[in-house]
Amino acid sequence: MRKIIIDCDPGIDDSLALMLALSSPELDIMGITTVSGNVPADMGARNARKVLKHMGRMDIPVYIGEQVPLKCPYIDAMDTHGQDGMGESFLPEVPGDFPKKSAVEFLEETLEKEKISIIALGPMTNLAKIFSMRPKLIEQVEELVSMGGNFRSHGNCSPVAEYNYWCDPDAAAICYDLFGKAGKKIEMVGLDVTRKIVLTPNILEYVCRLDPENGGFIRRITGFYMDFHWEYEKIIGCVINDPLAVAYYIDRSLCGGFDSYTAVATDGICRGQTVVDSMDFWKKEPNSHVLTETDTERFMRFFFSRVLKKKDGSEWEAEELTLLSCL
Ligand code: BDR
Ligand code: CA
């Protein structure tokens with residue numbers, strides 16, 4: 001089992017990513033930290049708890065993170081994720097207090113003690129706060145897998161920028177810069193690969209038939225997201241970005257890419273753009289592994305064989321989900 005902290009902003013696709021992580025025996029999830037992104041950090045924490053409750057994993061602590069980006073005014077993505085951040089499913093709140101410790105304190109204390117990996121599914125504000133104060137702690141990060149950025153793909157909230165990095169471009173820029181200085185690489189799971197992960201109504205119907213409880217939960221939170229994609233991108237279905245980062249952390253063979261130096265633009269019309277030096281103009285040591293290839297069907301099999309359960313509670317094998325090859 002590998003120790004990880006998931007830093008996120010749930011968020012519909014964050015919720016799906018949490019479902020996957022919680023269904024994966026390879027992961028020892030030490031905690032979930034939230035950050036303001038899709039929704040404010042405290043709402044994100046309440047949503048993380050709703051997912052934990054559904055998955056029967058209330059043992060995992062959730063820490064509330066930074067409320068606003070480092071420098072830019074905070075702009076949420078409730079137009080995409082709904083007023084409750086979970087597709088206006090308005091699932092019941094889970095009672096109970098949150099730990100007093102903030103996300104930044106929890107991350108910092110954990111990294112002081114041991115080496116862990118971080119899967120970052122939202123803006124990188126919490127991480128930039130810690131690493132700019134304590135750059136030495138980067139040595140304790142086994143791996144940082146970040147859903148964010150884009151190489152050849154267009155952006156999803158400006159012509160050139162992906163939301164997580166656009167929301168807090170200064171944080172993303174600091175993390176890429178400091179990881180480079182520490183001789184480490186961020187795994188950049190950007191829109192080039194996540195755009196290939198589209199949950200379609202047909203797939204959803206199939207999984208609801210296989211497992212009405214978990215399929216139904218996914219249906220309840222993704223309907224709003226599908227409507228959003230139809231309205232703005234004319235896609236029938238929704239791009240579920242975040243679970244790909246979790247899947248890739250567990251199984252490297254799900255995506256391919258290349259090492260490069262990446263810088264993040266912090267203002268102007270390029271705000272949040274990942275400038276990937278794929279042709280090595282700058283002659284800088286790579287600070288990122290930029291993903292460009294993935295296998296959609298393999299991901300879908302991987303994801304649903306873990307998240308769905310059979311009627312008797314047992315696991316699905318990826319090969320058993322036969323219909324996925326034709327949906
Ligand atoms: C990213 O932004 C958010 O809307 C999603 O949760 C995902 O992390 C995609 O650009
Ligand atoms: Ca997210």
# chains A, B, ... in the order shown; residues from 1 in each chain; ligands from 1
>>> residues_near_ligand(ligand="ligand 1", cutoff="6 Å", atoms="only C-alpha atoms and all ligand atoms", output="VMD selection string")
chain A and resid 11 13 to 14 38 121 to 122 147 162 to 164 241 to 242
>>> closest_atom_pairs(of="chain A", to="ligand 2", cutoff="12 Å", atoms="only C-alpha atoms and all ligand atoms", output="tab-separated table")
residue	atom	partner	partner_atom_place_in_ligand_line	distance
A:Ile6	CA	ligand 2	1 (Ca)	10.6
A:Asp7	CA	ligand 2	1 (Ca)	8.9
A:Cys8	CA	ligand 2	1 (Ca)	5.7
A:Asp9	CA	ligand 2	1 (Ca)	5.1
A:Pro10	CA	ligand 2	1 (Ca)	6.1
A:Gly11	CA	ligand 2	1 (Ca)	5.8
A:Ile12	CA	ligand 2	1 (Ca)	7.8
A:Asp13	CA	ligand 2	1 (Ca)	6.3
A:Asp14	CA	ligand 2	1 (Ca)	4.9
A:Ser15	CA	ligand 2	1 (Ca)	8.5
A:Leu16	CA	ligand 2	1 (Ca)	9.9
A:Ala17	CA	ligand 2	1 (Ca)	8.8
A:Leu18	CA	ligand 2	1 (Ca)	10.5
A:Thr33	CA	ligand 2	1 (Ca)	12.0
A:Thr34	CA	ligand 2	1 (Ca)	9.8
A:Val35	CA	ligand 2	1 (Ca)	9.5
A:Ser36	CA	ligand 2	1 (Ca)	9.8
A:Gly37	CA	ligand 2	1 (Ca)	7.2
A:Asn38	CA	ligand 2	1 (Ca)	6.6
A:Val39	CA	ligand 2	1 (Ca)	9.4
A:Pro40	CA	ligand 2	1 (Ca)	11.8
A:Ala41	CA	ligand 2	1 (Ca)	11.5
A:Gly44	CA	ligand 2	1 (Ca)	9.8
A:Ala48	CA	ligand 2	1 (Ca)	11.6
A:Asp76	CA	ligand 2	1 (Ca)	11.1
A:Ala77	CA	ligand 2	1 (Ca)	9.8
A:Met78	CA	ligand 2	1 (Ca)	11.8
A:Thr80	CA	ligand 2	1 (Ca)	11.1
A:His81	CA	ligand 2	1 (Ca)	9.9
A:Gly85	CA	ligand 2	1 (Ca)	10.4
A:Met86	CA	ligand 2	1 (Ca)	11.5
A:Ile119	CA	ligand 2	1 (Ca)	10.6
A:Ala120	CA	ligand 2	1 (Ca)	8.1
A:Leu121	CA	ligand 2	1 (Ca)	4.4
A:Gly122	CA	ligand 2	1 (Ca)	4.3
A:Pro123	CA	ligand 2	1 (Ca)	7.7
A:Met124	CA	ligand 2	1 (Ca)	10.5
A:Ser146	CA	ligand 2	1 (Ca)	9.9
A:Met147	CA	ligand 2	1 (Ca)	7.5
A:Gly148	CA	ligand 2	1 (Ca)	8.8
A:Glu162	CA	ligand 2	1 (Ca)	10.9
A:Tyr163	CA	ligand 2	1 (Ca)	8.7
A:Asn164	CA	ligand 2	1 (Ca)	7.1
A:Tyr165	CA	ligand 2	1 (Ca)	10.7
A:Cys167	CA	ligand 2	1 (Ca)	11.1
A:Val189	CA	ligand 2	1 (Ca)	11.8
A:Gly190	CA	ligand 2	1 (Ca)	11.7
A:Thr194	CA	ligand 2	1 (Ca)	11.8
A:Val239	CA	ligand 2	1 (Ca)	11.6
A:Ile240	CA	ligand 2	1 (Ca)	9.4
A:Asn241	CA	ligand 2	1 (Ca)	7.6
A:Asp242	CA	ligand 2	1 (Ca)	6.0
A:Pro243	CA	ligand 2	1 (Ca)	9.4
A:Leu244	CA	ligand 2	1 (Ca)	11.2
A:Ala245	CA	ligand 2	1 (Ca)	10.3
A:Val246	CA	ligand 2	1 (Ca)	11.7
>>> residues_around(residues="Arg306 of chain A", least_positions_apart="4", cutoff="7 Å", atoms="only C-alpha atoms", output="PyMOL selection string")
chain A and resi 20+23-24+302+315-316
>>> select_by_dssp(residues="segment 8-155 of chain A", states="alpha helix (DSSP H)", output="MDAnalysis selection string")
chainID A and resid 12:22 41:55 78:81 103:113 125:133
>>> residues_around(residues="Val275 of chain A", least_positions_apart="3", cutoff="8 Å", atoms="only C-alpha atoms", output="list in words")
Phe151, Thr262, Ala263, Val264 and Ala265 of chain A
>>> write_last_selection(atoms="C-alpha atoms", output="short mmCIF file (atom, residue, chain, number, x, y, z; two decimals), in the first residue's frame")
data_model
loop_
_atom_site.label_atom_id
_atom_site.label_comp_id
_atom_site.auth_asym_id
_atom_site.auth_seq_id
_atom_site.Cartn_x
_atom_site.Cartn_y
_atom_site.Cartn_z
CA PHE A 151 -0.12 20.85 -23.83
CA THR A 262 6.97 23.47 -17.89
CA ALA A 263 6.30 27.03 -16.75
CA VAL A 264 2.89 28.41 -15.85
CA ALA A 265 1.84 31.89 -17.05
#
>>> residues_around(residues="Val94 of chain A", least_positions_apart="4", cutoff="9 Å", atoms="only C-alpha atoms", output="PDB file with all heavy atoms, in the first residue's frame")
ATOM      1  N   ARG A  46     -17.285  19.345   2.978  1.00  0.00           N
ATOM      2  CA  ARG A  46     -18.584  18.710   3.281  1.00  0.00           C
ATOM      3  C   ARG A  46     -18.935  17.699   2.183  1.00  0.00           C
ATOM      4  O   ARG A  46     -19.452  16.617   2.464  1.00  0.00           O
ATOM      5  CB  ARG A  46     -19.686  19.764   3.428  1.00  0.00           C
ATOM      6  CG  ARG A  46     -19.440  20.728   4.606  1.00  0.00           C
ATOM      7  CD  ARG A  46     -20.726  21.370   5.088  1.00  0.00           C
ATOM      8  NE  ARG A  46     -21.445  22.066   4.038  1.00  0.00           N
ATOM      9  CZ  ARG A  46     -21.211  23.319   3.632  1.00  0.00           C
ATOM     10  NH1 ARG A  46     -20.254  24.039   4.209  1.00  0.00           N
ATOM     11  NH2 ARG A  46     -21.931  23.872   2.672  1.00  0.00           N
ATOM     12  N   ASN A  47     -18.592  18.031   0.945  1.00  0.00           N
ATOM     13  CA  ASN A  47     -18.866  17.106  -0.157  1.00  0.00           C
ATOM     14  C   ASN A  47     -17.981  15.855  -0.069  1.00  0.00           C
ATOM     15  O   ASN A  47     -18.445  14.743  -0.347  1.00  0.00           O
ATOM     16  CB  ASN A  47     -18.664  17.807  -1.502  1.00  0.00           C
ATOM     17  CG  ASN A  47     -19.769  18.812  -1.782  1.00  0.00           C
ATOM     18  OD1 ASN A  47     -20.823  18.766  -1.147  1.00  0.00           O
ATOM     19  ND2 ASN A  47     -19.531  19.725  -2.702  1.00  0.00           N
ATOM     20  N   ARG A  49     -17.014  14.508   2.544  1.00  0.00           N
ATOM     21  CA  ARG A  49     -17.651  13.672   3.569  1.00  0.00           C
ATOM     22  C   ARG A  49     -18.864  12.914   3.024  1.00  0.00           C
ATOM     23  O   ARG A  49     -19.155  11.809   3.445  1.00  0.00           O
ATOM     24  CB  ARG A  49     -18.129  14.551   4.721  1.00  0.00           C
ATOM     25  CG  ARG A  49     -17.035  14.885   5.679  1.00  0.00           C
ATOM     26  CD  ARG A  49     -17.547  14.497   7.056  1.00  0.00           C
ATOM     27  NE  ARG A  49     -16.547  14.835   8.059  1.00  0.00           N
ATOM     28  CZ  ARG A  49     -16.798  15.610   9.089  1.00  0.00           C
ATOM     29  NH1 ARG A  49     -17.995  16.119   9.263  1.00  0.00           N
ATOM     30  NH2 ARG A  49     -15.845  15.851   9.960  1.00  0.00           N
ATOM     31  N   LYS A  50     -19.581  13.559   2.097  1.00  0.00           N
ATOM     32  CA  LYS A  50     -20.741  12.864   1.508  1.00  0.00           C
ATOM     33  C   LYS A  50     -20.263  11.630   0.733  1.00  0.00           C
ATOM     34  O   LYS A  50     -20.906  10.580   0.758  1.00  0.00           O
ATOM     35  CB  LYS A  50     -21.519  13.802   0.572  1.00  0.00           C
ATOM     36  CG  LYS A  50     -22.211  14.955   1.310  1.00  0.00           C
ATOM     37  CD  LYS A  50     -22.933  15.870   0.322  1.00  0.00           C
ATOM     38  CE  LYS A  50     -23.509  17.090   1.011  1.00  0.00           C
ATOM     39  NZ  LYS A  50     -24.132  18.053   0.090  1.00  0.00           N
ATOM     40  N   LYS A  53     -19.135   8.972   3.225  1.00  0.00           N
ATOM     41  CA  LYS A  53     -20.320   8.337   3.819  1.00  0.00           C
ATOM     42  C   LYS A  53     -20.887   7.286   2.854  1.00  0.00           C
ATOM     43  O   LYS A  53     -21.165   6.152   3.247  1.00  0.00           O
ATOM     44  CB  LYS A  53     -21.362   9.432   4.096  1.00  0.00           C
ATOM     45  CG  LYS A  53     -22.686   8.951   4.551  1.00  0.00           C
ATOM     46  CD  LYS A  53     -22.768   8.987   6.058  1.00  0.00           C
ATOM     47  CE  LYS A  53     -24.131   8.515   6.481  1.00  0.00           C
ATOM     48  NZ  LYS A  53     -24.233   7.720   7.572  1.00  0.00           N
TER      49      LYS A  53
END
>>> closest_residue(among="A:Arg152, A:Arg195, A:Lys101, A:Lys181", to="Lys136 of chain A", atoms="only C-alpha atoms")
A:Lys181
>>> closest_residue(among="A:Met226, A:Met58, A:Met1, A:Cys157", to="Gly82 of chain A", atoms="only C-alpha atoms")
A:Met226
>>> closest_residue(among="A:Cys208, A:Val160, A:Ala247, A:Leu144", to="Leu27 of chain A", atoms="only C-alpha atoms")
A:Ala247
>>> closest_residue(among="A:Met279, A:Met133, A:Leu22, A:Ala173", to="Asp267 of chain A", atoms="only C-alpha atoms")
A:Ala173
>>> closest_residue(among="A:Phe179, A:Tyr261, A:Phe299, A:Phe304", to="Leu204 of chain A", atoms="only C-alpha atoms")
A:Phe304
>>> select_by_dssp(residues="segment 241-301 of chain A", states="strand (DSSP E or B)", output="list in words")
Cys255, Gly256, Gly257, Phe258, Asp259, Ser260, Thr262, Ala263, Val264, Thr274, Val275, Val276, Ser288, His289, Val290, Leu291, Thr292, Glu293 and Thr294 of chain A
>>> write_last_selection(atoms="C-alpha atoms", output="PDB file, in the first residue's frame")
ATOM      1  CA  CYS A 255      -1.152   6.929 -19.861  1.00  0.00           C
ATOM      2  CA  GLY A 256       1.969   7.882 -21.762  1.00  0.00           C
ATOM      3  CA  GLY A 257       3.831  11.149 -22.167  1.00  0.00           C
ATOM      4  CA  PHE A 258       7.204  12.830 -22.100  1.00  0.00           C
ATOM      5  CA  ASP A 259       9.485  14.747 -19.728  1.00  0.00           C
ATOM      6  CA  SER A 260       9.762  18.477 -20.222  1.00  0.00           C
ATOM      7  CA  THR A 262       6.974  23.473 -17.894  1.00  0.00           C
ATOM      8  CA  ALA A 263       6.299  27.030 -16.755  1.00  0.00           C
ATOM      9  CA  VAL A 264       2.888  28.414 -15.853  1.00  0.00           C
ATOM     10  CA  THR A 274       1.143  25.635 -19.117  1.00  0.00           C
ATOM     11  CA  VAL A 275       4.030  26.550 -21.403  1.00  0.00           C
ATOM     12  CA  VAL A 276       5.574  23.149 -22.084  1.00  0.00           C
ATOM     13  CA  SER A 288       7.252  17.706 -15.384  1.00  0.00           C
ATOM     14  CA  HIS A 289       6.113  14.518 -17.013  1.00  0.00           C
ATOM     15  CA  VAL A 290       3.445  15.675 -19.460  1.00  0.00           C
ATOM     16  CA  LEU A 291       0.814  13.107 -20.367  1.00  0.00           C
ATOM     17  CA  THR A 292      -0.460  12.996 -23.939  1.00  0.00           C
ATOM     18  CA  GLU A 293      -1.766   9.466 -24.488  1.00  0.00           C
ATOM     19  CA  THR A 294      -4.349   7.352 -22.773  1.00  0.00           C
TER      20      THR A 294
END
>>> atom_distance(atom1="atom CA of Met188 of chain A", atom2="atom CA of Asn150 of chain A")
8.4 Å
>>> residues_around(residues="Ile138 of chain A", least_positions_apart="4", cutoff="9 Å", atoms="only C-alpha atoms", output="PyMOL selection string")
chain A and resi 111+131+134+142+178-179+182+184
>>> atom_distance(atom1="atom CA of Asp295 of chain A", atom2="atom CA of Pro169 of chain A")
29.0 Å
>>> atom_distance(atom1="atom CA of Leu107 of chain A", atom2="atom CA of Asp170 of chain A")
19.3 Å
>>> residues_around(residues="Ser305 of chain A", least_positions_apart="2", cutoff="8 Å", atoms="only C-alpha atoms", output="PyMOL selection string")
chain A and resi 301-303+307-309+315-318+321
>>> write_last_selection(atoms="C-alpha atoms", output="PDB file, in the first residue's frame")
ATOM      1  CA  ARG A 301     -12.774  -0.855 -17.311  1.00  0.00           C
ATOM      2  CA  PHE A 302     -10.262   0.032 -14.600  1.00  0.00           C
ATOM      3  CA  PHE A 303     -12.548   2.643 -13.052  1.00  0.00           C
ATOM      4  CA  VAL A 307     -16.107   1.416  -8.169  1.00  0.00           C
ATOM      5  CA  LEU A 308     -18.995  -0.955  -8.944  1.00  0.00           C
ATOM      6  CA  LYS A 309     -19.837  -3.992  -6.864  1.00  0.00           C
ATOM      7  CA  GLU A 315     -15.532  -7.284  -7.175  1.00  0.00           C
ATOM      8  CA  TRP A 316     -15.884  -7.038 -10.931  1.00  0.00           C
ATOM      9  CA  GLU A 317     -12.970  -8.078 -13.111  1.00  0.00           C
ATOM     10  CA  ALA A 318     -12.109  -5.471 -15.782  1.00  0.00           C
ATOM     11  CA  LEU A 321     -17.376  -5.410 -18.243  1.00  0.00           C
TER      12      LEU A 321
END
>>> decode(residues="segment 112-124 of chain A", atoms="all heavy atoms", output="short mmCIF file (atom, residue, chain, number, x, y, z; two decimals), in the first residue's frame")
data_model
loop_
_atom_site.label_atom_id
_atom_site.label_comp_id
_atom_site.auth_asym_id
_atom_site.auth_seq_id
_atom_site.Cartn_x
_atom_site.Cartn_y
_atom_site.Cartn_z
N GLU A 112 6.63 16.29 7.29
CA GLU A 112 7.77 16.35 8.23
C GLU A 112 8.13 14.96 8.73
O GLU A 112 9.28 14.65 8.98
CB GLU A 112 7.40 17.21 9.44
CG GLU A 112 7.71 18.68 9.26
CD GLU A 112 7.04 19.54 10.32
OE1 GLU A 112 6.43 18.98 11.26
OE2 GLU A 112 7.12 20.77 10.18
N LYS A 113 7.08 14.14 8.87
CA LYS A 113 7.28 12.80 9.47
C LYS A 113 7.69 11.74 8.47
O LYS A 113 8.48 10.86 8.77
CB LYS A 113 5.97 12.35 10.15
CG LYS A 113 5.76 13.01 11.51
CD LYS A 113 4.61 12.37 12.23
CE LYS A 113 3.38 13.09 11.89
NZ LYS A 113 2.14 13.07 12.25
N GLU A 114 7.08 11.77 7.28
CA GLU A 114 7.33 10.66 6.34
C GLU A 114 7.17 11.06 4.88
O GLU A 114 6.61 12.11 4.57
CB GLU A 114 6.41 9.49 6.65
CG GLU A 114 4.95 9.83 6.64
CD GLU A 114 4.11 8.74 7.28
OE1 GLU A 114 4.36 7.55 7.03
OE2 GLU A 114 3.17 9.09 8.02
N LYS A 115 7.68 10.17 4.04
CA LYS A 115 7.54 10.40 2.59
C LYS A 115 6.17 9.91 2.15
O LYS A 115 5.79 8.79 2.48
CB LYS A 115 8.61 9.60 1.84
CG LYS A 115 9.97 10.20 1.93
CD LYS A 115 10.88 9.55 0.90
CE LYS A 115 12.26 10.10 1.10
NZ LYS A 115 12.89 10.76 0.08
N ILE A 116 5.47 10.73 1.42
CA ILE A 116 4.15 10.34 0.91
C ILE A 116 3.98 10.89 -0.51
O ILE A 116 4.76 11.74 -0.95
CB ILE A 116 3.00 10.93 1.77
CG1 ILE A 116 3.15 12.46 1.89
CG2 ILE A 116 2.91 10.29 3.13
CD1 ILE A 116 1.83 13.16 2.07
N SER A 117 2.95 10.40 -1.18
CA SER A 117 2.59 10.98 -2.48
C SER A 117 1.38 11.88 -2.31
O SER A 117 0.60 11.70 -1.37
CB SER A 117 2.25 9.88 -3.48
OG SER A 117 3.39 9.14 -3.78
N ILE A 118 1.26 12.82 -3.22
CA ILE A 118 0.10 13.73 -3.20
C ILE A 118 -0.58 13.66 -4.57
O ILE A 118 0.09 13.75 -5.61
CB ILE A 118 0.53 15.18 -2.90
CG1 ILE A 118 1.22 15.25 -1.53
CG2 ILE A 118 -0.67 16.13 -2.97
CD1 ILE A 118 1.89 16.58 -1.24
N ILE A 119 -1.88 13.46 -4.54
CA ILE A 119 -2.66 13.55 -5.78
C ILE A 119 -3.46 14.84 -5.67
O ILE A 119 -4.30 14.99 -4.78
CB ILE A 119 -3.60 12.33 -5.97
CG1 ILE A 119 -2.77 11.03 -5.95
CG2 ILE A 119 -4.37 12.46 -7.28
CD1 ILE A 119 -3.59 9.76 -6.17
N ALA A 120 -3.14 15.78 -6.54
CA ALA A 120 -3.75 17.12 -6.47
C ALA A 120 -4.81 17.24 -7.57
O ALA A 120 -4.49 17.15 -8.75
CB ALA A 120 -2.69 18.19 -6.63
N LEU A 121 -6.05 17.45 -7.15
CA LEU A 121 -7.16 17.46 -8.10
C LEU A 121 -7.83 18.83 -8.19
O LEU A 121 -8.88 18.96 -8.82
CB LEU A 121 -8.21 16.41 -7.69
CG LEU A 121 -7.68 14.98 -7.49
CD1 LEU A 121 -8.79 14.08 -6.97
CD2 LEU A 121 -7.12 14.43 -8.79
N GLY A 122 -7.24 19.81 -7.55
CA GLY A 122 -7.80 21.16 -7.57
C GLY A 122 -6.67 22.17 -7.77
O GLY A 122 -5.53 21.80 -8.07
N PRO A 123 -6.97 23.46 -7.59
CA PRO A 123 -5.91 24.47 -7.64
C PRO A 123 -4.82 24.13 -6.61
O PRO A 123 -5.10 23.51 -5.59
CB PRO A 123 -6.65 25.76 -7.27
CG PRO A 123 -8.08 25.50 -7.66
CD PRO A 123 -8.31 24.04 -7.39
N MET A 124 -3.58 24.56 -6.87
CA MET A 124 -2.46 24.10 -6.04
C MET A 124 -2.13 25.05 -4.88
O MET A 124 -1.01 25.10 -4.39
CB MET A 124 -1.24 23.88 -6.94
CG MET A 124 -1.50 22.78 -7.97
SD MET A 124 -0.18 22.61 -9.16
CE MET A 124 0.68 21.21 -8.47
#
